[in-house]
Every structure is written in structure tokens, then in C-alpha cells.
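Next comes entry-v4.txt, a file with compact mmCIF, C-alpha atoms.
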```txt
# COMPACT_ATOMS: atom_id res chain seq x y z
CA MET A 1 40.75 40.79 -48.39
CA THR A 2 38.49 39.06 -50.92
CA GLU A 3 35.15 37.42 -50.12
CA LEU A 4 33.75 34.65 -52.28
CA ARG A 5 30.02 33.89 -52.19
CA ILE A 6 29.25 30.18 -52.54
CA ALA A 7 25.76 29.15 -53.65
CA THR A 8 24.41 25.94 -52.15
CA ARG A 9 21.21 24.14 -51.23
CA GLY A 10 20.18 24.41 -47.61
CA SER A 11 20.37 20.76 -46.52
CA ALA A 12 22.93 19.72 -43.93
CA LEU A 13 24.80 17.69 -46.55
CA ALA A 14 24.80 20.49 -49.12
CA ARG A 15 26.11 22.94 -46.55
CA ALA A 16 28.82 20.49 -45.46
CA GLN A 17 29.91 20.08 -49.06
CA ALA A 18 29.99 23.83 -49.62
CA ARG A 19 32.00 24.33 -46.42
CA GLN A 20 34.47 21.68 -47.59
CA VAL A 21 35.11 23.70 -50.75
CA ALA A 22 35.22 26.94 -48.76
CA GLU A 23 37.82 25.57 -46.35
CA ALA A 24 39.95 24.27 -49.23
CA LEU A 25 39.91 27.69 -50.87
CA GLU A 26 40.62 29.60 -47.66
CA SER A 27 43.47 27.29 -46.66
CA THR A 28 45.35 27.83 -49.89
CA HIS A 29 44.78 31.57 -50.44
CA ASP A 30 45.76 34.11 -47.78
CA GLY A 31 43.25 36.89 -47.22
CA LEU A 32 40.40 34.97 -48.83
CA THR A 33 37.09 34.63 -46.98
CA THR A 34 33.92 32.83 -48.01
CA ARG A 35 30.21 33.14 -47.34
CA LEU A 36 27.46 30.62 -48.10
CA VAL A 37 24.47 31.80 -50.12
CA VAL A 38 21.67 29.33 -49.36
CA VAL A 39 19.26 28.75 -52.24
CA SER A 40 15.90 26.97 -52.11
CA THR A 41 15.47 24.66 -55.12
CA SER A 42 12.33 23.21 -56.67
CA GLY A 43 13.55 19.75 -55.65
CA ASP A 44 13.70 20.82 -52.02
CA ARG A 45 10.17 22.22 -52.18
CA ASP A 46 8.67 19.24 -54.06
CA ARG A 47 8.18 16.50 -51.48
CA THR A 48 6.03 14.18 -53.62
CA SER A 49 7.73 13.54 -56.98
CA PRO A 50 10.09 10.54 -57.28
CA VAL A 51 13.66 11.64 -56.59
CA ALA A 52 14.87 10.08 -59.86
CA ALA A 53 12.59 12.37 -61.88
CA LEU A 54 13.77 15.42 -59.96
CA THR A 55 17.43 14.55 -60.48
CA GLU A 56 17.01 14.13 -64.22
CA THR A 57 15.33 17.52 -64.63
CA GLY A 58 17.95 19.29 -62.55
CA ALA A 59 15.48 20.26 -59.82
CA PHE A 60 18.25 20.23 -57.20
CA VAL A 61 20.69 22.43 -59.14
CA ARG A 62 18.98 24.90 -61.47
CA ALA A 63 18.23 27.56 -58.86
CA VAL A 64 21.76 27.26 -57.45
CA GLN A 65 23.19 27.79 -60.92
CA GLU A 66 20.90 30.79 -61.43
CA ALA A 67 22.37 32.44 -58.33
CA VAL A 68 25.77 32.47 -60.05
CA LEU A 69 24.39 33.59 -63.40
CA ALA A 70 22.47 36.42 -61.71
CA GLY A 71 25.59 37.64 -59.89
CA GLU A 72 24.23 36.72 -56.46
CA ALA A 73 27.09 34.23 -55.93
CA ASP A 74 30.56 33.71 -57.36
CA LEU A 75 30.47 29.91 -57.51
CA ALA A 76 28.14 27.01 -56.79
CA VAL A 77 28.71 23.61 -55.20
CA HIS A 78 26.64 20.58 -56.23
CA SER A 79 26.61 16.84 -55.75
CA CYS A 80 27.78 15.88 -59.22
CA LYS A 81 25.28 13.04 -59.49
CA ASP A 82 22.48 15.67 -59.35
CA LEU A 83 23.99 17.71 -62.19
CA PRO A 84 22.34 17.22 -65.61
CA VAL A 85 24.77 16.72 -68.48
CA ALA A 86 23.20 19.65 -70.33
CA GLY A 87 23.70 22.83 -68.29
CA PRO A 88 24.17 26.56 -68.83
CA GLU A 89 26.92 27.22 -71.37
CA GLU A 90 28.14 30.17 -69.28
CA LEU A 91 29.23 27.88 -66.44
CA THR A 92 32.26 25.59 -66.20
CA ALA A 93 32.65 22.77 -63.65
CA TRP A 94 35.73 21.85 -61.62
CA TYR A 95 36.00 18.59 -59.65
CA PRO A 96 37.88 18.34 -56.33
CA ALA A 97 39.24 14.94 -55.25
CA ARG A 98 36.47 12.37 -55.04
CA ALA A 99 35.09 10.92 -51.81
CA PRO A 100 34.18 7.19 -51.61
CA ALA A 101 31.92 6.62 -54.60
CA GLY A 102 30.02 3.51 -53.56
CA ASP A 103 26.65 2.80 -51.97
CA VAL A 104 26.20 1.49 -48.44
CA LEU A 105 23.48 -0.21 -46.43
CA VAL A 106 22.39 1.30 -43.12
CA GLY A 107 20.38 -0.75 -40.63
CA GLY A 108 21.98 -4.15 -41.16
CA THR A 109 23.87 -6.19 -43.73
CA LEU A 110 22.11 -8.09 -46.49
CA GLY A 111 22.93 -11.27 -44.61
CA GLU A 112 21.33 -9.96 -41.42
CA LEU A 113 18.08 -8.60 -42.86
CA PRO A 114 15.16 -11.02 -42.42
CA GLU A 115 13.21 -12.35 -45.37
CA GLY A 116 10.85 -9.72 -46.74
CA ALA A 117 12.58 -6.87 -44.92
CA VAL A 118 11.57 -3.34 -45.98
CA VAL A 119 14.44 -1.34 -47.48
CA GLY A 120 14.09 2.33 -48.31
CA THR A 121 15.43 3.92 -51.49
CA GLY A 122 14.07 6.34 -54.08
CA SER A 123 16.51 5.20 -56.77
CA PRO A 124 15.49 2.86 -59.64
CA ARG A 125 19.19 2.00 -60.04
CA ARG A 126 19.50 0.84 -56.43
CA THR A 127 16.12 -0.90 -56.53
CA SER A 128 17.13 -2.96 -59.58
CA GLN A 129 20.45 -4.04 -58.14
CA LEU A 130 18.98 -4.84 -54.72
CA ALA A 131 16.46 -7.10 -56.45
CA LEU A 132 19.32 -9.07 -58.00
CA LEU A 133 21.07 -9.42 -54.64
CA ARG A 134 17.97 -10.16 -52.51
CA PRO A 135 14.78 -10.71 -54.55
CA ASP A 136 12.74 -11.13 -51.37
CA LEU A 137 13.31 -7.60 -50.10
CA ARG A 138 10.41 -5.14 -50.19
CA ILE A 139 11.50 -1.77 -51.53
CA ARG A 140 9.83 1.37 -50.25
CA GLY A 141 10.30 4.74 -51.93
CA ILE A 142 11.81 7.26 -49.55
CA ARG A 143 12.52 10.98 -49.80
CA GLY A 144 14.30 13.41 -47.51
CA ASN A 145 17.80 14.29 -46.39
CA VAL A 146 20.31 11.89 -44.84
CA ASP A 147 19.13 12.55 -41.28
CA THR A 148 15.53 11.84 -42.32
CA ARG A 149 16.52 8.53 -43.86
CA LEU A 150 18.62 7.51 -40.88
CA ALA A 151 15.66 8.39 -38.63
CA ALA A 152 13.41 6.12 -40.71
CA VAL A 153 15.66 3.20 -39.78
CA ALA A 154 15.91 4.22 -36.13
CA SER A 155 12.11 4.45 -35.83
CA GLY A 156 11.53 1.10 -37.52
CA ASP A 157 9.63 2.64 -40.43
CA VAL A 158 12.06 0.73 -42.64
CA GLN A 159 14.59 -1.89 -41.62
CA ALA A 160 17.38 -0.51 -43.79
CA VAL A 161 18.16 2.23 -46.29
CA VAL A 162 20.68 2.49 -49.11
CA LEU A 163 22.75 5.68 -49.14
CA ALA A 164 25.83 7.07 -50.84
CA GLU A 165 28.84 6.57 -48.59
CA ALA A 166 30.20 10.00 -49.58
CA GLY A 167 27.28 11.77 -47.92
CA LEU A 168 27.77 9.93 -44.65
CA VAL A 169 31.51 10.65 -44.71
CA ARG A 170 30.94 14.37 -45.27
CA LEU A 171 28.42 14.49 -42.42
CA GLY A 172 30.65 12.54 -40.03
CA ARG A 173 28.18 9.63 -39.92
CA SER A 174 30.33 6.78 -41.26
CA ASP A 175 29.49 4.97 -38.01
CA ALA A 176 26.03 4.26 -39.46
CA VAL A 177 27.38 2.03 -42.25
CA ALA A 178 26.44 -1.63 -41.85
CA GLN A 179 27.65 -2.83 -45.26
CA ARG A 180 29.63 -1.34 -48.14
CA PHE A 181 28.59 -2.65 -51.53
CA GLY A 182 31.33 -3.65 -53.94
CA PHE A 183 31.09 -2.29 -57.47
CA ASP A 184 30.36 -5.84 -58.62
CA GLU A 185 27.27 -5.78 -56.38
CA MET A 186 25.97 -2.25 -56.87
CA VAL A 187 27.31 0.18 -59.46
CA PRO A 188 26.88 3.78 -58.21
CA ALA A 189 25.25 6.68 -60.03
CA PRO A 190 27.42 8.54 -62.55
CA GLY A 191 29.38 11.18 -60.64
CA GLN A 192 28.52 9.81 -57.20
CA GLY A 193 31.03 10.93 -54.57
CA THR A 194 32.21 13.82 -56.73
CA LEU A 195 31.54 17.50 -56.04
CA ALA A 196 30.95 19.77 -59.03
CA VAL A 197 32.04 23.35 -58.38
CA GLU A 198 30.64 25.68 -61.04
CA ALA A 199 31.59 29.25 -61.95
CA ARG A 200 32.00 31.42 -65.00
CA ASP A 201 35.13 30.51 -66.90
CA GLY A 202 38.02 32.97 -66.93
CA GLY A 203 38.97 35.47 -64.27
CA PHE A 204 40.01 35.28 -60.63
CA VAL A 205 37.44 32.72 -59.41
CA ALA A 206 38.23 30.31 -62.24
CA GLU A 207 41.93 30.52 -61.40
CA LEU A 208 41.21 29.64 -57.77
CA LEU A 209 39.04 26.67 -58.75
CA GLU A 210 41.60 25.39 -61.24
CA ALA A 211 43.88 24.71 -58.27
CA LEU A 212 41.17 22.56 -56.64
CA ASP A 213 40.55 20.44 -59.73
CA ASP A 214 41.74 16.83 -59.33
CA PRO A 215 42.91 15.34 -62.67
CA SER A 216 42.00 11.71 -61.88
CA THR A 217 38.58 12.69 -60.55
CA ARG A 218 37.96 14.78 -63.66
CA VAL A 219 38.79 11.95 -66.06
CA ALA A 220 36.71 9.41 -64.14
CA THR A 221 33.74 11.75 -63.77
CA GLU A 222 33.84 12.85 -67.40
CA THR A 223 33.86 9.18 -68.45
CA GLU A 224 30.75 8.41 -66.39
CA ARG A 225 28.95 11.55 -67.56
CA ALA A 226 29.89 10.82 -71.17
CA LEU A 227 28.00 7.53 -70.90
CA LEU A 228 25.05 9.34 -69.35
CA ALA A 229 25.03 11.90 -72.17
CA LEU A 230 25.52 9.31 -74.90
CA THR A 231 22.71 7.01 -73.78
CA GLY A 232 20.23 9.62 -72.56
CA ALA A 233 19.51 7.19 -69.74
CA GLY A 234 17.43 8.62 -66.95
CA CYS A 235 13.91 7.91 -65.80
CA ARG A 236 13.37 5.35 -68.55
CA SER A 237 16.18 3.19 -67.18
CA ALA A 238 18.30 2.59 -64.12
CA LEU A 239 21.89 3.46 -65.04
CA GLY A 240 25.00 3.09 -62.91
CA ALA A 241 28.55 3.95 -63.99
CA TYR A 242 31.90 4.01 -62.23
CA ALA A 243 35.25 4.79 -63.84
CA GLU A 244 38.84 4.61 -62.63
CA VAL A 245 41.99 6.06 -64.15
CA THR A 246 44.69 3.51 -65.03
CA ALA A 247 48.18 3.68 -66.48
CA ASP A 248 46.72 2.91 -69.91
CA GLY A 249 43.68 5.18 -69.77
CA VAL A 250 40.40 4.53 -67.99
CA THR A 251 38.27 1.54 -67.01
CA LEU A 252 34.50 1.77 -66.83
CA VAL A 253 31.99 -0.55 -65.18
CA ALA A 254 28.30 0.05 -65.75
CA PHE A 255 24.87 -1.35 -64.97
CA VAL A 256 21.58 -0.72 -66.70
CA ASP A 257 18.05 -2.02 -66.28
CA ASP A 258 15.55 -1.06 -68.96
CA GLU A 259 12.94 -2.73 -71.16
CA ARG A 260 15.55 -5.38 -72.08
CA GLY A 261 16.24 -6.26 -68.45
CA PRO A 262 19.26 -5.80 -66.15
CA ARG A 263 22.83 -6.19 -67.41
CA ARG A 264 26.39 -5.16 -66.57
CA GLY A 265 29.47 -4.32 -68.58
CA TRP A 266 33.19 -3.60 -68.18
CA VAL A 267 35.42 -1.84 -70.69
CA GLU A 268 38.86 -0.25 -70.85
CA ALA A 269 39.86 2.56 -73.20
CA ALA A 270 42.37 5.36 -73.65
CA GLU A 271 39.89 8.26 -73.42
CA PRO A 272 36.59 9.00 -71.63
CA ASP A 273 34.52 9.33 -74.82
CA GLU A 274 36.01 6.12 -76.21
CA ALA A 275 35.15 4.23 -73.01
CA ALA A 276 31.60 5.60 -73.02
CA LYS A 277 31.03 4.58 -76.64
CA ALA A 278 32.42 1.10 -76.03
CA MET A 279 30.19 0.67 -72.99
CA ALA A 280 27.09 1.86 -74.83
CA GLU A 281 27.80 -0.75 -77.50
CA GLU A 282 28.44 -3.50 -74.96
CA LEU A 283 25.18 -2.80 -73.14
CA GLY A 284 23.23 -2.25 -76.36
CA LEU A 285 22.21 1.29 -75.46
```
Can the structure from this file be put into C-alpha cells for me?
Amino acid sequence: MTELRIATRGSALARAQARQVAEALESTHDGLTTRLVVVSTSGDRDRTSPVAALTETGAFVRAVQEAVLAGEADLAVHSCKDLPVAGPEELTAWYPARAPAGDVLVGGTLGELPEGAVVGTGSPRRTSQLALLRPDLRIRGIRGNVDTRLAAVASGDVQAVVLAEAGLVRLGRSDAVAQRFGFDEMVPAPGQGTLAVEARDGGFVAELLEALDDPSTRVATETERALLALTGAGCRSALGAYAEVTADGVTLVAFVDDERGPRRGWVEAAEPDEAAKAMAEELGL
């Protein structure tokens, strides 16, 4: 019998994501058991900094990666949208099949919210796109896990919050969704809905993770992350990117709001890097 140690953050969502990977591994390999290694990250401890700044610096993933590098865990599970494009060279990422990638509104639909309603989000990307959809809304920065944000709506602290649908699905809280945004309304964060499973390349663990890797998810995620890497977009701008694999290659839709204002683009190309370069040119990044 072989036991695999899986490093993860301690939030309910992070644990659910790690258990999803654990169950997939155990179901396909007889005699394999798994154990979660819960890691406290600087992003979990810092309750005051804007979440966008923490995501860009890797505050939610660095300590989890270190657990693998230090030999305290065999693999790590992250929300891919939290994973910086520049990471430890010793680690390789595999991508299981993607969950729904879009954003949702909890608390009411855009049509139902009264004028001047308070909507909670800590994301510049979501804030920019909400302003285009409903300029009258008042945006309030919000931190905390999914349960905390749902509680903010229930208590009336805010009238609605914007969340990633994937997180609600993985927590069994899809019932909370009031409205699903189309990609023409709100482009998600690069890698949203995708899990990144990291381990050292080569060896037994890498072989196990290779079987979990979903080819279409990999191509789409690598396209979105290629745009992120190429533009260096982060705190200075609000960047959204969503890619889909097609018979001819990959399509990419993107949104950015920076010193030149908000704009969207759509491109199609044969390869992820080609799509990212074409999008960067279209958006003038």
C-alpha cells in the first residue's frame, strides 16, 4: 500500500479541491491511499491586503509549494487562478478536467438588484466589468472564504457578491447562484475553474498525475496563462481570459481595463502562444 501526501490550504474550498484529486487518484489505483497536509499561507494570515495583490505575489500558493519542495508532501493542489506564471522550476503542473469557468452572482440577478445596490468583490477584473453592466452599483471590497461571502449576503452586509461558479460547485452550493454571467458579460480570471496539481517531474507521483491530466483543459489553461505571462498584467490592470479548444486550434476571449480604459478581444489560432500573442496585439498590451 502506498500513501500520497497532498499539500493544500486549510479553507473548506481548498480541502474540497484536494479531496477531489485524492478521490480521483484512489479510484484509479488499487492500494493507493492519500492524506491531506494542511498548510497555512501568508495569504490566509493577511486579512487586510487586497486579494488581487495577494494573488499576484503567490501568497496563496508559495507555502503549499514549499511543502512539496521540502519533502513534507508528495504533491500540491491549487486553484490555478492563484498560481503565478513564474514558479519553482523543480515543480511541474498537471490539470484535471475543468469545472465551470465563469463567474456568478449570488443574492439576486442584475435585473433584480435595486439602483445603487452594494455588491461585494475584491477583484479589479470583476469590478471593471460590473461597472460596464451596471454603472450604478456600489462595489465593496470583500475578503474571506466562500462561506464568509455567502454570509455577507445573508446578513445584508452586501446585497450580492460575485463568485467563481467552480468554487460553489465543489462545495455543493450551486443552489446559491442567482445569475450566471456569459463570457460576453464577464470574462473570468485566467485559469479560473482549473485545478493545478503540482509535483516534481519524473517518478511514480508524476506518472499517477499524468493520468489525471486533461488535454483540452491543459491547452485552454496554457493559452490563458500565456497571455498573463506575455502581458505581465496583474495589479496594474484588470485582466480576464478564457480559452476553448476547437477543431482548428484554440479560441481566446479576453478583457482588460488599464490606463487606456476597458476593452475586449477575440482571437483564434492554432497554438496557445500564437493565440496569446495575437490577443496581446489586439488589446494593445
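Between Phe60 of chain A and the residues A:Lys81, A:Arg173, A:Lys277, A:Arg98, the shortest atom-to-atom distance, using only C-alpha atoms, involves A:Lys81.
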- Might you pull out every residue within 8 Å of segment 255-262 of chain A, with only C-alpha atoms counted and same-chain residues fewer than 3 positions away left off, and present them as a list in words?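 Listed by chain and then number, they are Arg125, Ser128, Val187, Arg236, Ser237, Ala238, Leu239, Gly240, Ala241, Gly265 and Leu283 of chain A.
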- In Å, with one decimal, what is the gap from atom CA of Glu66 of chain A to atom CA of Leu163 of chain A?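 Computing the Euclidean distance for atom CA of Glu66 of chain A and atom CA of Leu163 of chain A yields 28.0 Å.
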- Task: Skip Thr2 of chain A itself and residues of its chain fewer than 5 positions away, then list as a VMD selection string all residues within 12 Å of it, counting all atoms listed in the file.
- Result: chain A and resid 25 to 26 29 to 35 74 204 to 205 208
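The smallest atom-to-atom distance between Ala176 of chain A and any of A:Leu4, A:Leu137, A:Val161, A:Val253, using all atoms listed in the file, is found for A:Val161.
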- Message: Using Å and a single decimal, report how far atom CA of Gln65 of chain A sits from atom CA of Pro88 of chain A.
- Response: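 We find that atom CA of Pro88 of chain A and atom CA of Gln65 of chain A lie 8.1 Å from each other.
Of note, atom CA of Leu212 of chain A and atom CA of Ala269 of chain A are spaced 26.0 Å apart.
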Distance query segment 111-120 of chain A at most 9 Å, only C-alpha atoms, self and fewer than 5 positions along chain excluded, as a tab-separated table (two decimals) with C-alpha atoms, keeping the file's coordinate frame:
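As a result, out-v6.tsv now contains:
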```tsv
chain	number	residue	atom	x	y	z
A	134	ARG	CA	17.97	-10.16	-52.51
A	135	PRO	CA	14.78	-10.71	-54.55
A	136	ASP	CA	12.74	-11.13	-51.37
A	137	LEU	CA	13.31	-7.60	-50.10
A	138	ARG	CA	10.41	-5.14	-50.19
A	139	ILE	CA	11.50	-1.77	-51.53
A	140	ARG	CA	9.83	1.37	-50.25
A	141	GLY	CA	10.30	4.74	-51.93
A	142	ILE	CA	11.81	7.26	-49.55
A	143	ARG	CA	12.52	10.98	-49.80
A	149	ARG	CA	16.52	8.53	-43.86
A	152	ALA	CA	13.41	6.12	-40.71
A	153	VAL	CA	15.66	3.20	-39.78
A	157	ASP	CA	9.63	2.64	-40.43
A	158	VAL	CA	12.06	0.73	-42.64
A	159	GLN	CA	14.59	-1.89	-41.62
A	160	ALA	CA	17.38	-0.51	-43.79
A	161	VAL	CA	18.16	2.23	-46.29
A	162	VAL	CA	20.68	2.49	-49.11
```
Box for segment 108-123 of chain A: with edges along x, y and z, all listed atoms inside and 8 Å added on each side, what are the centre and edge lengths in Å to one decimal, as AutoDock Vina command-line options?
```
--center_x 17.4 --center_y -3.0 --center_z -49.0 --size_x 29.0 --size_y 34.7 --size_z 31.6
```
- From the list A:Ala220, A:Leu230, A:Val39, A:Leu130, the nearest residue to Glu268 of chain A using only C-alpha atoms is A:Ala220
Show me a table, sorted first by chain and then by increasing residue number, of the residues of segment 209-242 of chain A having an atom at most 12 Å from segment 91-97 of chain A, each with its shortest atom pair and the distance in Å to one decimal, counting only C-alpha atoms and written as a Markdown table.
```
| residue | atom | partner | partner_atom | distance |
| --- | --- | --- | --- | --- |
| A:Leu209 | CA | A:Trp94 | CA | 6.5 |
| A:Glu210 | CA | A:Trp94 | CA | 6.9 |
| A:Ala211 | CA | A:Pro96 | CA | 9.0 |
| A:Leu212 | CA | A:Pro96 | CA | 5.4 |
| A:Asp213 | CA | A:Pro96 | CA | 4.8 |
| A:Asp214 | CA | A:Pro96 | CA | 5.1 |
| A:Pro215 | CA | A:Tyr95 | CA | 8.2 |
| A:Ser216 | CA | A:Ala97 | CA | 7.9 |
| A:Thr217 | CA | A:Ala97 | CA | 5.8 |
| A:Arg218 | CA | A:Tyr95 | CA | 5.9 |
| A:Val219 | CA | A:Tyr95 | CA | 9.6 |
| A:Ala220 | CA | A:Tyr95 | CA | 10.2 |
| A:Thr221 | CA | A:Tyr95 | CA | 8.3 |
| A:Glu222 | CA | A:Tyr95 | CA | 9.9 |
```
Convert the current residue selection to file output with C-alpha atoms, as a PDB file, in the coordinates of the input.
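Written out: part.pdb:
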```pdb
ATOM      1  CA  LEU A 209      39.040  26.670 -58.750  1.00  0.00           C
ATOM      2  CA  GLU A 210      41.600  25.390 -61.240  1.00  0.00           C
ATOM      3  CA  ALA A 211      43.880  24.710 -58.270  1.00  0.00           C
ATOM      4  CA  LEU A 212      41.170  22.560 -56.640  1.00  0.00           C
ATOM      5  CA  ASP A 213      40.550  20.440 -59.730  1.00  0.00           C
ATOM      6  CA  ASP A 214      41.740  16.830 -59.330  1.00  0.00           C
ATOM      7  CA  PRO A 215      42.910  15.340 -62.670  1.00  0.00           C
ATOM      8  CA  SER A 216      42.000  11.710 -61.880  1.00  0.00           C
ATOM      9  CA  THR A 217      38.580  12.690 -60.550  1.00  0.00           C
ATOM     10  CA  ARG A 218      37.960  14.780 -63.660  1.00  0.00           C
ATOM     11  CA  VAL A 219      38.790  11.950 -66.060  1.00  0.00           C
ATOM     12  CA  ALA A 220      36.710   9.410 -64.140  1.00  0.00           C
ATOM     13  CA  THR A 221      33.740  11.750 -63.770  1.00  0.00           C
ATOM     14  CA  GLU A 222      33.840  12.850 -67.400  1.00  0.00           C
TER      15      GLU A 222
END
```
- Query: With all atoms listed in the file as the atoms that count, which of A:Asp147, A:Trp266, A:Gln129, A:Leu227 lies nearest to Leu285 of chain A?
  - Reply: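 Of A:Asp147, A:Trp266, A:Gln129, A:Leu227, the one nearest Leu285 of chain A is A:Leu227, counting all atoms listed in the file.
When all atoms listed in the file are used to measure the gap to Val169 of chain A, the shortest distance among A:Ile6, A:Val77, A:Ala70, A:Ala101 belongs to A:Ala101.
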- Leaving out Ala164 of chain A and any residue of its chain fewer than 6 positions from it, which residues lie within 12 Å of it when counting all atoms listed in the file, given as JSON, numbers by chain? {"A": [13, 79, 81, 99, 100, 101, 102, 103, 104, 105, 106, 121, 123, 126, 145, 146, 149, 170, 171, 173, 174, 176, 177, 179, 180, 181, 186, 187, 188, 189, 190, 191, 192, 193, 194]}
- Write out as number ranges by chain which residues come within 12 Å of Gly71 of chain A when counting only C-alpha atoms, dropping same-chain ones fewer than 2 positions away. A: 4-7, 37, 64-69, 73-76, 199-200
- Identify which of the residues A:Leu228, A:Leu36, A:Ala22, A:Ala16 lies closest to Val85 of chain A, counting only C-alpha atoms when measuring atom-to-atom distances.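 Looking only at the distances to Val85 of chain A, the closest residue turns out to be A:Leu228.
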